[in-house]
Amino acid sequence: MDKDEFSKLHSPSNNIYFSVLSSSWLMIIAALLFMGISWYVLEQYLRDRGEERFENSVQELTEAVNRRMLAYEQVLRGGVGLLLSSNDVTRKEWQTYVVNAHLSEYYPGFQGFGYAQLLKPDTLDNHVQHVQAEGFKDYKIYPEGVRDQYCVILYLEPFDWRNQRAFGYDMCSEANRRKAIDHAISTGQPTISGKVALVQDTPEDAQAGFLMYLPIYQGTVATEAERKQQAIGLVYAAFRMDDLMQGIMGDRFSGLKLAIYESPQANADSLMFTSSKVLPNQKDVFYQSQTDLIGGRQWRLDISSQSRFISRSEETQGIWLQFIGSAFILALFYSVLIMARNRYKESLLTSELIANEKRFRLVIEASPSALFMVDKAGIITLVNTHAERLFGYARDELLGRSINMLLPDVLRDAHQQHMNHYLVQPIAKNMSMRDDLFGCCKDGSRLAIEVGLTPIHFSNGIFILATINNVSERKRIEVQRAEHMQELERINQELDRFAYIASHDLKSPLRGIEQLTSWLAEDLSDNTNENVQKYLGLIQSRIHRMVLLLDGLLMFSRIGRVDTETTEVNSRQLAEDMFALVAPPQGFELVLKGEFPNFHTVRALLELVIRNLISNAIKHHDLGTGVITVLCEAADKHYLFSVIDDGPGISSAYQNKVFEMFQTLKPRDEVEGSGLGLSLVKKTVESLGGNIQLKSQGRGCCFYFTWPKTIVKKELL
């Protein structure tokens, strides 16, 4: 749109004004009719929504009551489980159970949670004497009177001043309670009593109450007769109705009026609870009455609301509807002017797009990578300065030419096929993982390159933006790294061979010396000189130590560099086998604690660690008898093994040195060893990603180490 056309749009003729005015009146009439219909539909919709919300609230309220009563039933079952789990649950144990259940916190409405014992007339005296012996000297059963059965409150928590009023109360003395007790015993199911006045209440704060019973039987029962015969007591809960419903309703159902009756008939005698001074009635905006079976009793719930259950925002929707309708009419007039303005903005947007294209070209030029943009035919349409420098071509030599000119001759045909397949489903793709990507420069030299492809959708089709980086130097470094790795592997293999040969060749003269020593010992067996026998013993001992040292050095050098297969290991059996293998002196005992797993691991290495730790504990023990304890605990990703002895312990000054090579706490002639045992243990554990530590204070040492549940990289002995 040019400037003249824009001016004409803002200077309409009288005919245009008349046409707009005429059409506006028709639109106003149509809008008023539409608003009237909309108002009626909205009112009906709000009425339906309010009724739906009321029904949902009623359903939520009844479900909340049922859920809460079911929760109380589960609490009673927990109490039954506690009493059946022991032949004699004490009053203190019952108190501990109730306190830790936090009933008043999680189940508001509980007045008391207790246990009532069923008694016959001939057992009353023994019962009273037993309770008085507990320290309740004034205890007695009330109300007095002769009955065929007594249900006496024995345990009741919390045992505050209010509940102490019910201590010793016979619940069979009152008809509603007796009826619920008999029903619970005969059915074995939780049973709710009718409306009662709780003995805990005082005249100042009396509320309607009820009780829930769950019987306890001695032994297994199947029939009603067996249940009546073997019933020994009941776990029960006392509820104050106002407190109970306040805990259930809270502020969630403040818009509802609720009345609960203990029977399907609604009258003053059966009324147990009302949330309002005015009872619900059918004249309220919404009203619903229903009966629910709760704990074996039919409760009637009358629920109503004087609210329409409509939010303030919904009430104002009618006003907004009129406002929006009027605004719509004005918006029609305003839209004509907006159309002209939008046309003008379109011209500005075109100019901005041109400026953005210039910015895009600046970004392309500033990129540190060589950038090429090609069309679907593979023709280069855009390059940057870095691309010119990388391949040695001038920009004019690249634009309009095929991208294949930058590829080796042998790859050009295959590249065209790859490009055709790529254009079927173009996605952003990184080709840096390939080793056969090369580019040809103008001077004929080749470059190792990595390429990233990004499809860009323009109005005239799909173009591919190729990002190219020279990776020749990186390739050269990778080749050098591979050569270094091969050299390191060769050196490691030579070290292994050297360690084995050195160990083998050194053992040969040692065996000869050992044989000569044996012959000397035989020849000098009749020699009574103590020094001769002593020196021969020292020679043999040190030859044995030299053999151990050579074996330990060979083993130490190979740890962490040779793969070992994993097998299924019974760690408990392994610990027992290692204890037997070290041949402990008579008087030493092995104790296993914890959960020892069966798992896949490197058996030889775990044997090495546990055998050395057990052997070390026995070798350095200062007594002829001792206990070696092996403990296992499971953590997230590893097992924690502990080897504990009751020996002399290790001073803190030496605890950091015990894992060093050739370190011993006693002279070599007193304790035979190479000084490599704990060094081998430490290197073995750490090569698997674990760690080992020592704890010792006074007598006894504890070596504990972590062992992975899953061997990720098995590079050990």
# chains A, B, ... in the order shown; residues from 1 in each chain; ligands from 1
>>> select_by_dssp(residues="range 196-345 of chain A", states="alpha helix (DSSP H)", output="PyMOL selection string")
chain A and resi 224-230+241-249+312-315+317-345
>>> residues_around(residues="Ser270 in chain A", least_positions_apart="5", cutoff="12 Å", atoms="only C-alpha atoms", output="ChimeraX atom specification")
/A:194-196,208-209,259-265,298-301
>>> residues_around(residues="Val591 in chain A", least_positions_apart="3", cutoff="7 Å", atoms="only C-alpha atoms", output="compact mmCIF listing (two decimals) with all heavy atoms, in the first residue's frame")
# COMPACT_ATOMS: atom_id res chain seq x y z
N ILE A 628 36.59 -63.66 66.09
CA ILE A 628 36.68 -62.87 64.86
C ILE A 628 35.25 -62.68 64.35
O ILE A 628 34.55 -63.64 64.06
CB ILE A 628 37.54 -63.57 63.79
CG1 ILE A 628 38.89 -63.97 64.38
CG2 ILE A 628 37.71 -62.65 62.60
CD1 ILE A 628 39.71 -62.82 64.91
N THR A 629 34.80 -61.43 64.24
CA THR A 629 33.43 -61.11 63.80
C THR A 629 33.48 -60.52 62.40
O THR A 629 34.24 -59.58 62.15
CB THR A 629 32.77 -60.11 64.76
OG1 THR A 629 32.78 -60.65 66.07
CG2 THR A 629 31.33 -59.85 64.33
N VAL A 630 32.67 -61.09 61.52
CA VAL A 630 32.53 -60.56 60.16
C VAL A 630 31.10 -60.05 60.02
O VAL A 630 30.14 -60.81 60.23
CB VAL A 630 32.84 -61.61 59.08
CG1 VAL A 630 32.69 -61.00 57.69
CG2 VAL A 630 34.26 -62.14 59.26
>>> closest_residue(among="A:Thr220, A:Gln586, A:Gln189, A:Thr517", to="Glu73 in chain A", atoms="only C-alpha atoms")
A:Gln189
>>> residues_around(residues="Arg77 in chain A", least_positions_apart="3", cutoff="10 Å", atoms="only C-alpha atoms", output="list in words")
Ala71, Tyr72, Glu73, Gln74, Val80, Gly81, Leu82, Leu83, Pro190, Leu214, Pro215, Ile216, Val235 and Tyr236 of chain A
>>> closest_residue(among="A:Phe641, A:Ile319, A:Leu154, A:Ile403", to="Gly36 in chain A", atoms="only C-alpha atoms")
A:Ile319
>>> closest_residue(among="A:Leu406, A:Met578, A:Ile141, A:Val383", to="Lys442 in chain A", atoms="only C-alpha atoms")
A:Leu406
>>> closest_residue(among="A:Cys701, A:Val221, A:Ile153, A:Val569", to="His621 in chain A", atoms="only C-alpha atoms")
A:Cys701
>>> atom_distance(atom1="CA of Ala116 in chain A", atom2="CA of Asp242 in chain A")
24.3 Å
>>> atom_distance(atom1="CA of Leu390 in chain A", atom2="CA of Asn470 in chain A")
7.9 Å
>>> residues_around(residues="Gly168 in chain A", least_positions_apart="6", cutoff="10 Å", atoms="only C-alpha atoms", output="list in words")
Ala116, Gln117, Val128, Val131, Tyr139, Lys140, Ile141, Tyr142, Pro143, Cys151, Val152, Ile153, Leu154, Tyr155 and Leu156 of chain A
>>> write_last_selection(atoms="C-alpha atoms", output="JSON list (two decimals), in the first residue's frame")
[["chain", "number", "residue", "atom", "x", "y", "z"],
["A", 116, "ALA", "CA", -13.08, -53.36, 77.62],
["A", 117, "GLN", "CA", -12.95, -56.85, 79.15],
["A", 128, "VAL", "CA", -11.21, -55.98, 90.77],
["A", 131, "VAL", "CA", -6.67, -54.00, 88.90],
["A", 139, "TYR", "CA", -11.01, -49.08, 91.52],
["A", 140, "LYS", "CA", -14.49, -50.59, 91.33],
["A", 141, "ILE", "CA", -17.03, -51.62, 88.69],
["A", 142, "TYR", "CA", -20.01, -49.36, 88.28],
["A", 143, "PRO", "CA", -22.93, -49.01, 88.11],
["A", 151, "CYS", "CA", -18.19, -55.29, 79.65],
["A", 152, "VAL", "CA", -15.85, -53.30, 81.90],
["A", 153, "ILE", "CA", -13.56, -50.55, 80.63],
["A", 154, "LEU", "CA", -10.03, -51.65, 81.57],
["A", 155, "TYR", "CA", -7.70, -49.58, 79.37],
["A", 156, "LEU", "CA", -8.63, -46.11, 78.12]]
>>> decode(residues="range 454-470 of chain A", atoms="N, CA, C and O atoms", output="compact mmCIF listing (two decimals), in the first residue's frame")
# COMPACT_ATOMS: atom_id res chain seq x y z
N THR A 454 22.01 -28.55 8.90
CA THR A 454 20.80 -27.98 9.51
C THR A 454 19.84 -27.57 8.41
O THR A 454 20.17 -26.71 7.59
N PRO A 455 18.64 -28.19 8.33
CA PRO A 455 17.66 -27.77 7.33
C PRO A 455 17.00 -26.45 7.73
O PRO A 455 16.66 -26.25 8.90
N ILE A 456 16.86 -25.56 6.76
CA ILE A 456 16.21 -24.26 7.00
C ILE A 456 15.08 -24.12 5.98
O ILE A 456 15.30 -24.27 4.77
N HIS A 457 13.90 -23.83 6.48
CA HIS A 457 12.73 -23.72 5.62
C HIS A 457 12.49 -22.25 5.27
O HIS A 457 12.26 -21.42 6.15
N PHE A 458 12.56 -21.96 3.97
CA PHE A 458 12.23 -20.63 3.46
C PHE A 458 10.94 -20.73 2.65
O PHE A 458 10.44 -21.83 2.37
N SER A 459 10.42 -19.59 2.28
CA SER A 459 9.17 -19.57 1.52
C SER A 459 9.32 -20.22 0.15
O SER A 459 8.35 -20.74 -0.41
N ASN A 460 10.51 -20.21 -0.40
CA ASN A 460 10.74 -20.79 -1.72
C ASN A 460 11.34 -22.19 -1.64
O ASN A 460 11.89 -22.69 -2.61
N GLY A 461 11.27 -22.86 -0.47
CA GLY A 461 11.72 -24.23 -0.38
C GLY A 461 12.68 -24.44 0.78
O GLY A 461 12.91 -23.57 1.62
N ILE A 462 13.26 -25.66 0.82
CA ILE A 462 14.17 -26.07 1.88
C ILE A 462 15.61 -25.84 1.42
O ILE A 462 15.98 -26.22 0.30
N PHE A 463 16.40 -25.24 2.31
CA PHE A 463 17.82 -25.07 2.07
C PHE A 463 18.57 -25.76 3.21
O PHE A 463 18.05 -25.90 4.33
N ILE A 464 19.80 -26.19 2.91
CA ILE A 464 20.61 -26.88 3.90
C ILE A 464 21.80 -26.00 4.25
O ILE A 464 22.56 -25.59 3.37
N LEU A 465 21.95 -25.72 5.57
CA LEU A 465 23.09 -24.96 6.06
C LEU A 465 24.13 -25.96 6.56
O LEU A 465 23.88 -26.71 7.52
N ALA A 466 25.29 -25.99 5.89
CA ALA A 466 26.37 -26.90 6.26
C ALA A 466 27.44 -26.14 7.03
O ALA A 466 27.95 -25.12 6.56
N THR A 467 27.75 -26.63 8.24
CA THR A 467 28.81 -26.05 9.08
C THR A 467 30.02 -26.98 9.00
O THR A 467 29.93 -28.16 9.36
N ILE A 468 31.18 -26.46 8.53
CA ILE A 468 32.35 -27.29 8.28
C ILE A 468 33.52 -26.76 9.11
O ILE A 468 33.79 -25.55 9.12
N ASN A 469 34.17 -27.69 9.83
CA ASN A 469 35.34 -27.34 10.63
C ASN A 469 36.51 -28.24 10.24
O ASN A 469 36.34 -29.44 9.95
N ASN A 470 37.71 -27.66 10.24
CA ASN A 470 38.93 -28.40 9.92
C ASN A 470 39.38 -29.16 11.18
O ASN A 470 39.67 -28.55 12.21
